[in-house]
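Reading through the structure tokens given below for one structure.
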Amino acid sequence: MAVGQEFTRAQDGTSLAFQVAGAGRPLVLLAGQANNHRWWDGVREDFEDVHRTITVDYRGTGASGKPDEPCSTAGFAEDVIAVLDALGVDSADVYGTSMGGRTAQWLAINHPDRVRRLVLGCTSPGGPHAVERDAAVRRALAQPDRAAAERALLELMYSPEWLATHDGPRTVLGDPDMPAHARRHHLAASNGHNAWDRLDEIGSPTLVVHGADDRMTPASNAELLAQRIPDAEAHVLPGLRHAYFHENRPVASKLVGDFLAD
């Protein structure tokens, strides 16, 4: 189904691009750090028969504005609210992965009436309670050789078996047109996330999904979130890494779809 792109303005006037496809109950899909809506290519289609899918190009990515100003996951959540307001959507299901999961936490905390059901994928509560990636992962991602760093990122996203049989597309490796200042701001926003003290305020039914072999955001974070959010349920999928939603799309999308169908 064709994806249409529209624009609105954030509270501070920054242009926000968003994309809509499908029909039915609204479903907001939130991408990972330094990524635009292409993160969901090949996945959003799984939901379009029963959902009106809504993606957002975070400020700094895609067709949205790229101000050289600090940002935060709570601020990204306010940008999502601006998009929902532009669409006239009072309440939506929200599925956020990685930094999108951090943003989704603030949506459910600060705007409980706007989130019907919440799915948090491959994410963490942030702050001192989160289980951080190990030093070897940080070093691999920070190495100056761009090709080597990209390969390291691929190996964090997907299993060796998947990489051996799939050449692309690589839609989860970051927005290639993102300016350096926006990348820095996204990194700071993700690193600065800490919703721990307020997670128990989330009243939306919540599903937490994670790949068991995720080293980018260790899978133990899934249990932390599920314990902290009232009545949340966690599903850890064996053999999968950070991009579990791509690698085992049939299982992951069905799991989420069944949860949202209630």
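By convention here, the chains of the structure tokens are called A, B, ... in the order presented, each chain's residues are numbered starting at 1, and ligands are numbered starting at 1 in the order presented.
Within 12 Å of Gly257 in chain A, once only C-alpha atoms are used and residues closer than 3 positions along the same chain are dropped, the contacting residues are Arg25, Leu27, Val43, Arg44, Glu45, Asp46, Phe47, Glu48, Asp49, Val50, His51, Asp93, Val94, Tyr95, Arg117, Leu118, Val119, Leu207, Arg249, Pro250, Val251, Ala252, Ser253, Lys254, Leu260, Ala261 and Asp262 of chain A.
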From the DSSP assignment of the backbone, select every residue of range 72-234 of chain A that is helix (DSSP H, G or I), and format the answer as a PyMOL selection string. chain A and resi 73-87+99-110+112-114+127-129+135-142+146-157+160-165+180-191+196-201+220-228
Using DSSP on the backbone, list every residue of range 74-237 of chain A that comes out as strand (DSSP E), and give them as a list in words. Ala92, Asp93, Val94, Tyr95, Gly96, Thr97, Val115, Arg116, Arg117, Leu118, Val119, Leu120, Gly121, Thr206, Leu207, Val208, Val209, His210, Gly211, Glu233, Ala234, His235, Val236 and Leu237 of chain A
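Using only C-alpha atoms, the contacts of range 190-193 of chain A at a cut-off of 8 Å, with sequence neighbours closer than 2 positions omitted, comprise Gln33, Ser72, Thr73, Met99, Arg102, Pro125, Gly126, Gly127, His186, Leu187, Ala188 and Ala195 of chain A.
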For Asp134 in chain A: contacts at 10 Å, only C-alpha atoms, fewer than 5 positions along chain excluded, given as a ChimeraX atom specification: /A:139,215-218
